[in-house]
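Visitor: Here's a structure for you.
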Amino acid sequence: MDLSLSRVHFPVTTLGPGRRLGIWFQGCSIRCPGCISADTWGPGQRRLSTAQLLDQITPWLDVADGITISGGEPFDQFDALIRLLQGLRRLSQVDILVYSGYSLEHLDDQLRQANGLIDALISDPYDEALSQTMALRGSDNQRLNLLTPLGRARLGDFERLLMTTDKALDLMFDETGSVWMAGIPRRGDLLRLRDLLQDQGHQLQISAHASRRR
Ligand code: SF4
């Protein structure tokens, strides 16, 4: 089963507890206004089988405290998502958090099929008109759904307001020397960073339909 992948990174420290393995799917049909992950909307060029991806990430599974799957929209590649989740469960005991722009109600059938493979789900589309006061979320309509006992134990503490001590962004470097950011920036953070870098003669490209990343 092939999937279209945006990127993989370890460690990610901004999308759930501990040092996590982050997996970003490529492709999103939801296209929320204000999404800062517009680079993940298209179909992408990097296709690989779930078996290849699992091989690639196996060394990190021994040391990761948790796994976060985001995108893009993971549920737009549902068969590949299920296959990946099954492989992750086989190889690891850690919690799995998935982000989706679909509502919990919309995912009813898929979650039944996933049957305990997802410990926690952040659901619902990003809404730039709403405030951003909750941990792990880009806008306050998004819900943290704790789906298993492991999810409740590991992520139950995140059903709370954002705190000033919460980290917002991880920086990661890819093989081409580009710097990527993972996490959930506060409103306006990236525009402020862009202006700061421009003042110092550097360039920052923001792949935003307006502004946000998860
Ligand atoms: S916020 Fe998520 S669901 Fe919404 S357009 Fe961006 S990637 Fe898609």
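By order of appearance in the structure tokens: chains A, B, ..., then residues from 1 within every chain, and ligands from 1 in the order shown.
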Would you kindly return, as a CSV table (one decimal) with all heavy atoms, in the first residue's frame, each protein, DNA or RNA residue with an atom no farther than 10 Å from any atom of range 128-142 of chain A, considering only C-alpha atoms and excluding same-chain residues fewer than 3 positions away?
Guide:
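Result written to selection.csv:
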```csv
chain,number,residue,atom,x,y,z
A,14,THR,N,6.8,19.4,20.1
A,14,THR,CA,5.8,20.4,20.2
A,14,THR,C,4.4,19.8,20.0
A,14,THR,O,3.4,20.5,20.1
A,14,THR,CB,6.0,21.5,19.2
A,14,THR,OG1,6.2,20.9,17.9
A,14,THR,CG2,7.2,22.3,19.6
A,15,LEU,N,4.3,18.6,19.6
A,15,LEU,CA,3.0,18.0,19.2
A,15,LEU,C,2.7,16.8,20.0
A,15,LEU,O,2.5,15.6,19.5
A,15,LEU,CB,3.1,17.6,17.7
A,15,LEU,CG,3.2,18.8,16.7
A,15,LEU,CD1,3.5,18.3,15.3
A,15,LEU,CD2,2.0,19.7,16.7
A,16,GLY,N,2.6,17.0,21.3
A,16,GLY,CA,2.3,15.9,22.3
A,16,GLY,C,3.5,15.7,23.2
A,16,GLY,O,4.5,16.3,23.1
A,32,CYS,N,-8.3,24.6,4.6
A,32,CYS,CA,-8.9,25.6,5.5
A,32,CYS,C,-8.2,27.0,5.1
A,32,CYS,O,-7.0,27.0,5.0
A,32,CYS,CB,-8.5,25.3,6.9
A,32,CYS,SG,-8.7,23.6,7.4
A,33,PRO,N,-9.0,28.0,5.0
A,33,PRO,CA,-8.4,29.3,4.9
A,33,PRO,C,-7.5,29.6,6.1
A,33,PRO,O,-7.9,29.3,7.2
A,33,PRO,CB,-9.6,30.3,4.9
A,33,PRO,CG,-10.7,29.4,4.4
A,33,PRO,CD,-10.5,28.1,5.0
A,34,GLY,N,-6.3,30.1,5.8
A,34,GLY,CA,-5.4,30.4,6.9
A,34,GLY,C,-4.4,29.3,7.2
A,34,GLY,O,-3.5,29.5,8.1
A,35,CYS,N,-4.6,28.1,6.6
A,35,CYS,CA,-3.6,27.0,6.8
A,35,CYS,C,-2.2,27.4,6.5
A,35,CYS,O,-2.0,28.0,5.4
A,35,CYS,CB,-4.0,25.8,6.0
A,35,CYS,SG,-2.8,24.5,6.0
A,99,TYR,N,-3.7,14.0,13.9
A,99,TYR,CA,-4.4,15.3,13.6
A,99,TYR,C,-5.2,15.1,12.3
A,99,TYR,O,-4.7,14.6,11.3
A,99,TYR,CB,-3.4,16.4,13.3
A,99,TYR,CG,-2.8,17.1,14.6
A,99,TYR,CD1,-1.8,16.5,15.3
A,99,TYR,CD2,-3.4,18.3,15.0
A,99,TYR,CE1,-1.3,17.2,16.4
A,99,TYR,CE2,-2.9,18.9,16.2
A,99,TYR,CZ,-1.8,18.4,16.8
A,99,TYR,OH,-1.3,19.0,18.0
A,100,SER,N,-6.4,15.6,12.4
A,100,SER,CA,-7.3,15.6,11.2
A,100,SER,C,-8.1,16.9,11.1
A,100,SER,O,-8.5,17.5,12.1
A,100,SER,CB,-8.2,14.5,11.2
A,100,SER,OG,-9.1,14.6,10.1
A,101,GLY,N,-8.3,17.4,9.9
A,101,GLY,CA,-9.1,18.6,9.7
A,101,GLY,C,-10.6,18.2,9.6
A,101,GLY,O,-11.5,19.1,9.4
A,102,TYR,N,-10.9,16.9,9.6
A,102,TYR,CA,-12.3,16.4,9.5
A,102,TYR,C,-12.9,16.4,11.0
A,102,TYR,O,-12.2,16.3,11.9
A,102,TYR,CB,-12.4,15.0,9.0
A,102,TYR,CG,-12.1,15.0,7.5
A,102,TYR,CD1,-11.0,14.3,7.0
A,102,TYR,CD2,-13.0,15.6,6.6
A,102,TYR,CE1,-10.7,14.2,5.7
A,102,TYR,CE2,-12.7,15.5,5.2
A,102,TYR,CZ,-11.6,14.8,4.7
A,102,TYR,OH,-11.3,14.8,3.4
A,103,SER,N,-14.2,16.6,11.0
A,103,SER,CA,-14.8,16.5,12.4
A,103,SER,C,-14.9,15.1,12.9
A,103,SER,O,-14.8,14.1,12.1
A,103,SER,CB,-16.3,17.1,12.3
A,103,SER,OG,-17.1,16.2,11.6
A,104,LEU,N,-15.0,14.9,14.1
A,104,LEU,CA,-15.2,13.6,14.7
A,104,LEU,C,-16.3,12.8,14.1
A,104,LEU,O,-16.3,11.6,13.8
A,104,LEU,CB,-15.3,13.7,16.2
A,104,LEU,CG,-15.3,12.4,17.0
A,104,LEU,CD1,-13.9,11.8,17.0
A,104,LEU,CD2,-15.8,12.7,18.5
A,121,LEU,N,-7.0,11.9,19.0
A,121,LEU,CA,-7.3,12.5,17.7
A,121,LEU,C,-7.6,14.0,18.0
A,121,LEU,O,-8.5,14.3,18.8
A,121,LEU,CB,-8.5,11.8,17.1
A,121,LEU,CG,-9.0,12.5,15.8
A,121,LEU,CD1,-8.1,12.1,14.6
A,121,LEU,CD2,-10.4,12.0,15.5
A,122,ILE,N,-6.8,14.8,17.3
A,122,ILE,CA,-7.2,16.3,17.3
A,122,ILE,C,-8.1,16.4,16.0
A,122,ILE,O,-7.5,16.2,14.9
A,122,ILE,CB,-6.0,17.2,17.2
A,122,ILE,CG1,-5.1,17.0,18.4
A,122,ILE,CG2,-6.5,18.7,17.2
A,122,ILE,CD1,-5.2,17.8,19.6
A,123,SER,N,-9.3,16.7,16.2
A,123,SER,CA,-10.2,16.8,15.0
A,123,SER,C,-10.7,18.2,14.7
A,123,SER,O,-10.5,19.1,15.5
A,123,SER,CB,-11.5,15.9,15.3
A,123,SER,OG,-12.2,16.4,16.4
A,124,ASP,N,-11.3,18.3,13.6
A,124,ASP,CA,-12.0,19.6,13.1
A,124,ASP,C,-11.0,20.5,12.4
A,124,ASP,O,-9.8,20.6,12.7
A,124,ASP,CB,-12.6,20.3,14.3
A,124,ASP,CG,-13.7,19.4,15.0
A,124,ASP,OD1,-14.7,19.2,14.4
A,124,ASP,OD2,-13.4,18.9,16.1
A,125,PRO,N,-11.6,21.3,11.4
A,125,PRO,CA,-10.7,22.1,10.6
A,125,PRO,C,-10.2,23.4,11.3
A,125,PRO,O,-10.9,23.9,12.2
A,125,PRO,CB,-11.7,22.5,9.4
A,125,PRO,CG,-13.0,22.4,10.0
A,125,PRO,CD,-13.0,21.3,11.0
A,145,ASN,N,-9.7,14.4,21.2
A,145,ASN,CA,-10.6,13.2,21.5
A,145,ASN,C,-9.7,12.1,22.0
A,145,ASN,O,-8.7,11.7,21.3
A,145,ASN,CB,-11.3,12.8,20.2
A,145,ASN,CG,-12.0,13.9,19.5
A,145,ASN,OD1,-13.1,14.3,20.0
A,145,ASN,ND2,-11.4,14.5,18.5
A,157,ASP,N,-3.8,15.3,30.0
A,157,ASP,CA,-3.4,16.6,30.6
A,157,ASP,C,-3.4,17.7,29.6
A,157,ASP,O,-3.2,18.9,29.9
A,157,ASP,CB,-1.9,16.5,31.1
A,157,ASP,CG,-1.8,15.7,32.4
A,157,ASP,OD1,-2.9,15.4,32.9
A,157,ASP,OD2,-0.7,15.3,32.8
A,158,PHE,N,-3.6,17.4,28.3
A,158,PHE,CA,-3.5,18.5,27.3
A,158,PHE,C,-4.9,19.1,27.0
A,158,PHE,O,-5.1,19.9,26.2
A,158,PHE,CB,-2.9,18.0,26.0
A,158,PHE,CG,-1.5,17.8,26.1
A,158,PHE,CD1,-0.9,16.6,26.6
A,158,PHE,CD2,-0.6,18.8,25.7
A,158,PHE,CE1,0.5,16.4,26.7
A,158,PHE,CE2,0.8,18.6,25.8
A,158,PHE,CZ,1.3,17.4,26.3
A,159,GLU,N,-5.9,18.6,27.8
A,159,GLU,CA,-7.3,19.2,27.7
A,159,GLU,C,-7.3,20.4,28.6
A,159,GLU,O,-7.9,20.4,29.6
A,159,GLU,CB,-8.3,18.2,28.1
A,159,GLU,CG,-9.8,18.6,27.7
A,159,GLU,CD,-9.9,19.1,26.3
A,159,GLU,OE1,-9.6,20.2,26.0
A,159,GLU,OE2,-10.3,18.2,25.5
A,160,ARG,N,-6.5,21.4,28.2
A,160,ARG,CA,-6.3,22.6,29.0
A,160,ARG,C,-5.9,23.8,28.2
A,160,ARG,O,-5.6,23.6,27.0
A,160,ARG,CB,-5.2,22.3,30.0
A,160,ARG,CG,-3.8,22.0,29.3
A,160,ARG,CD,-2.6,22.2,30.3
A,160,ARG,NE,-1.4,21.7,29.7
A,160,ARG,CZ,-0.7,22.3,28.8
A,160,ARG,NH1,-1.0,23.5,28.3
A,160,ARG,NH2,0.4,21.8,28.3
A,161,LEU,N,-5.9,24.9,28.8
A,161,LEU,CA,-5.5,26.1,28.1
A,161,LEU,C,-4.0,26.1,27.8
A,161,LEU,O,-3.2,25.4,28.5
A,161,LEU,CB,-5.7,27.4,29.0
A,161,LEU,CG,-7.2,27.7,29.2
A,161,LEU,CD1,-7.3,28.8,30.3
A,161,LEU,CD2,-7.9,28.1,27.9
A,162,LEU,N,-3.7,26.7,26.7
A,162,LEU,CA,-2.3,26.9,26.3
A,162,LEU,C,-1.5,27.7,27.4
A,162,LEU,O,-2.1,28.6,28.0
A,162,LEU,CB,-2.3,27.8,25.0
A,162,LEU,CG,-1.2,27.9,24.1
A,162,LEU,CD1,-0.7,26.5,23.6
A,162,LEU,CD2,-1.6,28.7,22.9
A,163,MET,N,-0.3,27.3,27.7
A,163,MET,CA,0.4,28.0,28.8
A,163,MET,C,1.6,28.7,28.1
A,163,MET,O,2.1,28.2,27.1
A,163,MET,CB,0.9,27.0,29.8
A,163,MET,CG,-0.2,26.3,30.5
A,163,MET,SD,0.2,25.4,32.0
A,163,MET,CE,1.2,24.1,31.3
A,166,ASP,N,4.4,26.4,27.2
A,166,ASP,CA,4.3,25.4,26.1
A,166,ASP,C,5.2,25.8,24.9
A,166,ASP,O,5.1,26.9,24.5
A,166,ASP,CB,2.8,25.3,25.6
A,166,ASP,CG,1.9,24.6,26.6
A,166,ASP,OD1,2.4,23.7,27.3
A,166,ASP,OD2,0.7,24.9,26.6
A,167,LYS,N,5.9,24.8,24.4
A,167,LYS,CA,6.8,25.1,23.3
A,167,LYS,C,5.9,25.2,22.0
A,167,LYS,O,4.9,24.5,21.9
A,167,LYS,CB,7.8,24.0,23.1
A,167,LYS,CG,8.9,24.1,24.1
A,167,LYS,CD,10.1,23.3,23.6
A,167,LYS,CE,10.2,22.0,24.4
A,167,LYS,NZ,11.2,21.1,23.9
A,168,ALA,N,6.3,26.1,21.1
A,168,ALA,CA,5.4,26.3,19.9
A,168,ALA,C,6.0,25.6,18.7
A,168,ALA,O,5.3,25.0,17.9
A,168,ALA,CB,5.3,27.7,19.7
A,183,GLY,N,5.1,22.2,14.6
A,183,GLY,CA,4.4,22.6,15.8
A,183,GLY,C,3.2,23.5,15.5
A,183,GLY,O,2.7,23.5,14.4
A,184,ILE,N,2.9,24.3,16.5
A,184,ILE,CA,1.7,25.1,16.3
A,184,ILE,C,2.1,26.5,16.7
A,184,ILE,O,2.1,26.9,17.9
A,184,ILE,CB,0.5,24.6,17.2
A,184,ILE,CG1,0.2,23.2,16.8
A,184,ILE,CG2,-0.7,25.5,17.0
A,184,ILE,CD1,-0.8,22.5,17.7
A,185,PRO,N,2.4,27.4,15.8
A,185,PRO,CA,2.8,28.7,16.1
A,185,PRO,C,1.7,29.5,16.7
A,185,PRO,O,0.5,29.3,16.3
A,185,PRO,CB,3.3,29.3,14.8
A,185,PRO,CG,2.6,28.5,13.7
A,185,PRO,CD,2.4,27.1,14.3
A,186,ARG,N,2.0,30.5,17.6
A,186,ARG,CA,1.0,31.4,18.0
A,186,ARG,C,0.6,32.3,16.8
A,186,ARG,O,1.5,32.5,15.9
A,186,ARG,CB,1.4,32.2,19.2
A,186,ARG,CG,2.1,31.4,20.3
A,186,ARG,CD,1.1,30.6,21.1
A,186,ARG,NE,1.8,29.9,22.2
A,186,ARG,CZ,2.3,28.7,22.2
A,186,ARG,NH1,2.2,27.9,21.1
A,186,ARG,NH2,3.0,28.2,23.2
A,187,ARG,N,-0.5,32.9,16.9
A,187,ARG,CA,-1.0,33.8,15.8
A,187,ARG,C,0.1,34.9,15.5
A,187,ARG,O,0.5,35.5,16.4
A,187,ARG,CB,-2.3,34.5,16.1
A,187,ARG,CG,-3.5,33.5,16.2
A,187,ARG,CD,-3.9,32.9,14.9
A,187,ARG,NE,-4.7,31.7,15.1
A,187,ARG,CZ,-6.0,31.8,15.4
A,187,ARG,NH1,-6.6,33.0,15.4
A,187,ARG,NH2,-6.7,30.7,15.6
A,210,ALA,N,-2.7,31.7,4.5
A,210,ALA,CA,-2.6,33.0,5.2
A,210,ALA,C,-1.6,32.8,6.4
A,210,ALA,O,-0.6,33.3,6.4
A,210,ALA,CB,-3.9,33.5,5.7
A,211,SER,N,-2.0,31.9,7.4
A,211,SER,CA,-1.0,31.6,8.4
A,211,SER,C,-1.4,30.6,9.5
A,211,SER,O,-2.2,30.8,10.3
A,211,SER,CB,-0.6,32.9,9.2
A,211,SER,OG,-1.6,33.3,10.0
A,212,ARG,N,-0.7,29.5,9.4
A,212,ARG,CA,-0.8,28.4,10.5
A,212,ARG,C,-0.1,27.2,10.1
A,212,ARG,O,0.1,26.9,9.0
A,212,ARG,CB,-2.2,28.1,10.8
A,212,ARG,CG,-2.4,27.3,12.0
A,212,ARG,CD,-3.5,26.3,11.9
A,212,ARG,NE,-3.0,25.1,11.3
A,212,ARG,CZ,-3.2,23.9,11.8
A,212,ARG,NH1,-4.0,23.7,12.8
A,212,ARG,NH2,-2.7,22.9,11.2
A,213,ARG,N,0.4,26.4,11.1
A,213,ARG,CA,1.0,25.1,10.9
A,213,ARG,C,0.6,24.2,12.0
A,213,ARG,O,0.4,24.6,13.1
A,213,ARG,CB,2.5,25.1,10.8
A,213,ARG,CG,3.1,23.8,11.0
A,213,ARG,CD,4.3,23.5,10.1
A,213,ARG,NE,4.4,22.1,9.9
A,213,ARG,CZ,3.8,21.5,8.9
A,213,ARG,NH1,3.0,22.1,8.1
A,213,ARG,NH2,4.0,20.2,8.7
A,214,ARG,N,0.4,22.9,11.8
A,214,ARG,CA,0.2,22.0,12.9
A,214,ARG,C,1.2,20.9,12.9
A,214,ARG,O,1.9,20.7,11.9
A,214,ARG,CB,-1.2,21.5,13.0
A,214,ARG,CG,-1.6,20.6,11.8
A,214,ARG,CD,-2.9,20.0,12.0
A,214,ARG,NE,-2.8,18.7,11.2
A,214,ARG,CZ,-3.7,18.4,10.3
A,214,ARG,NH1,-4.7,19.0,10.1
A,214,ARG,NH2,-3.5,17.3,9.7
```
Visitor: Using only C-alpha atoms, what table do you get, as JSON lines, when you list each residue of range 134-200 of chain A with an atom no more than 12 Å from range 111-116 of chain A, its nearest pair of atoms, and their distance in Å rounded to one decimal, rows by chain then rising number?
Guide:
```
{"residue": "A:Asn145", "atom": "CA", "partner": "A:Leu111", "partner_atom": "CA", "distance": 11.3}
{"residue": "A:Leu146", "atom": "CA", "partner": "A:Gly116", "partner_atom": "CA", "distance": 10.6}
{"residue": "A:Leu147", "atom": "CA", "partner": "A:Gly116", "partner_atom": "CA", "distance": 7.0}
{"residue": "A:Thr148", "atom": "CA", "partner": "A:Gly116", "partner_atom": "CA", "distance": 6.4}
{"residue": "A:Pro149", "atom": "CA", "partner": "A:Gly116", "partner_atom": "CA", "distance": 9.6}
{"residue": "A:Leu150", "atom": "CA", "partner": "A:Gly116", "partner_atom": "CA", "distance": 9.8}
{"residue": "A:Gly151", "atom": "CA", "partner": "A:Gly116", "partner_atom": "CA", "distance": 9.8}
```
Visitor: The selected residues should be written to file as a PDB file, in the first residue's frame (atoms: N, CA and C atoms).
Guide:
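Contents of selection.pdb, freshly written:
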```
ATOM      1  N   ASN A 145      -9.746  14.427  21.209  1.00  0.00           N
ATOM      2  CA  ASN A 145     -10.567  13.245  21.496  1.00  0.00           C
ATOM      3  C   ASN A 145      -9.655  12.137  22.006  1.00  0.00           C
ATOM      4  N   LEU A 146      -9.896  11.710  23.240  1.00  0.00           N
ATOM      5  CA  LEU A 146      -9.061  10.676  23.852  1.00  0.00           C
ATOM      6  C   LEU A 146      -9.760   9.344  23.611  1.00  0.00           C
ATOM      7  N   LEU A 147      -9.183   8.492  22.778  1.00  0.00           N
ATOM      8  CA  LEU A 147      -9.912   7.337  22.244  1.00  0.00           C
ATOM      9  C   LEU A 147      -9.577   6.012  22.913  1.00  0.00           C
ATOM     10  N   THR A 148      -8.477   5.968  23.656  1.00  0.00           N
ATOM     11  CA  THR A 148      -8.078   4.710  24.327  1.00  0.00           C
ATOM     12  C   THR A 148      -7.588   5.034  25.732  1.00  0.00           C
ATOM     13  N   PRO A 149      -7.459   4.021  26.600  1.00  0.00           N
ATOM     14  CA  PRO A 149      -6.868   4.271  27.927  1.00  0.00           C
ATOM     15  C   PRO A 149      -5.462   4.868  27.823  1.00  0.00           C
ATOM     16  N   LEU A 150      -4.664   4.396  26.850  1.00  0.00           N
ATOM     17  CA  LEU A 150      -3.320   4.954  26.680  1.00  0.00           C
ATOM     18  C   LEU A 150      -3.399   6.433  26.283  1.00  0.00           C
ATOM     19  N   GLY A 151      -4.334   6.757  25.412  1.00  0.00           N
ATOM     20  CA  GLY A 151      -4.523   8.157  25.008  1.00  0.00           C
ATOM     21  C   GLY A 151      -4.915   9.021  26.194  1.00  0.00           C
TER      22      GLY A 151
END
```
Visitor: Pick the closest to ligand 1 from A:Leu3, A:Ile30, A:Met172, A:Ala64: which is it, counting only C-alpha atoms and all ligand atoms?
Guide: A:Ile30
Visitor: DSSP on the backbone: what in chain A comes out alpha helix (DSSP H), as a count of residues only?
Guide: 51
Visitor: Looking at A:Gln110, A:Gln200, A:Ser92, A:Ser6, which one is nearest to Pro59 in chain A, with distances taken over only C-alpha atoms?
Guide: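 Looking at the shortest contact to Pro59 in chain A, the residue is A:Ser92.
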Visitor: Compare A:Gly18, A:Gly156, A:Gly71, A:Pro11 by their minimum atom-to-atom distance to ligand 1, counting only C-alpha atoms and all ligand atoms, and give me the closest one.
Guide: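 Of the candidates, the smallest distance to ligand 1 is held by A:Gly71.
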Visitor: Do a neighbour search on Trp24 in chain A at 10 Å with only C-alpha atoms, toss out local chain neighbours closer than 5 positions, and write the hits as a list in words.
Guide: Ser4, Leu5, Ser6, Arg7, Val8, His9, Thr40, Thr68, Ile69, Ser70, Gly71, Gly72, Glu73, Pro74, Val98, Tyr99, Ala182 and Arg214 of chain A
Visitor: Closest to Asp76 in chain A among A:Thr176, A:Gln52, A:Gln203, A:Gln26, using only C-alpha atoms?
Guide: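 Ranked by minimum distance to Asp76 in chain A, first place goes to A:Gln26.
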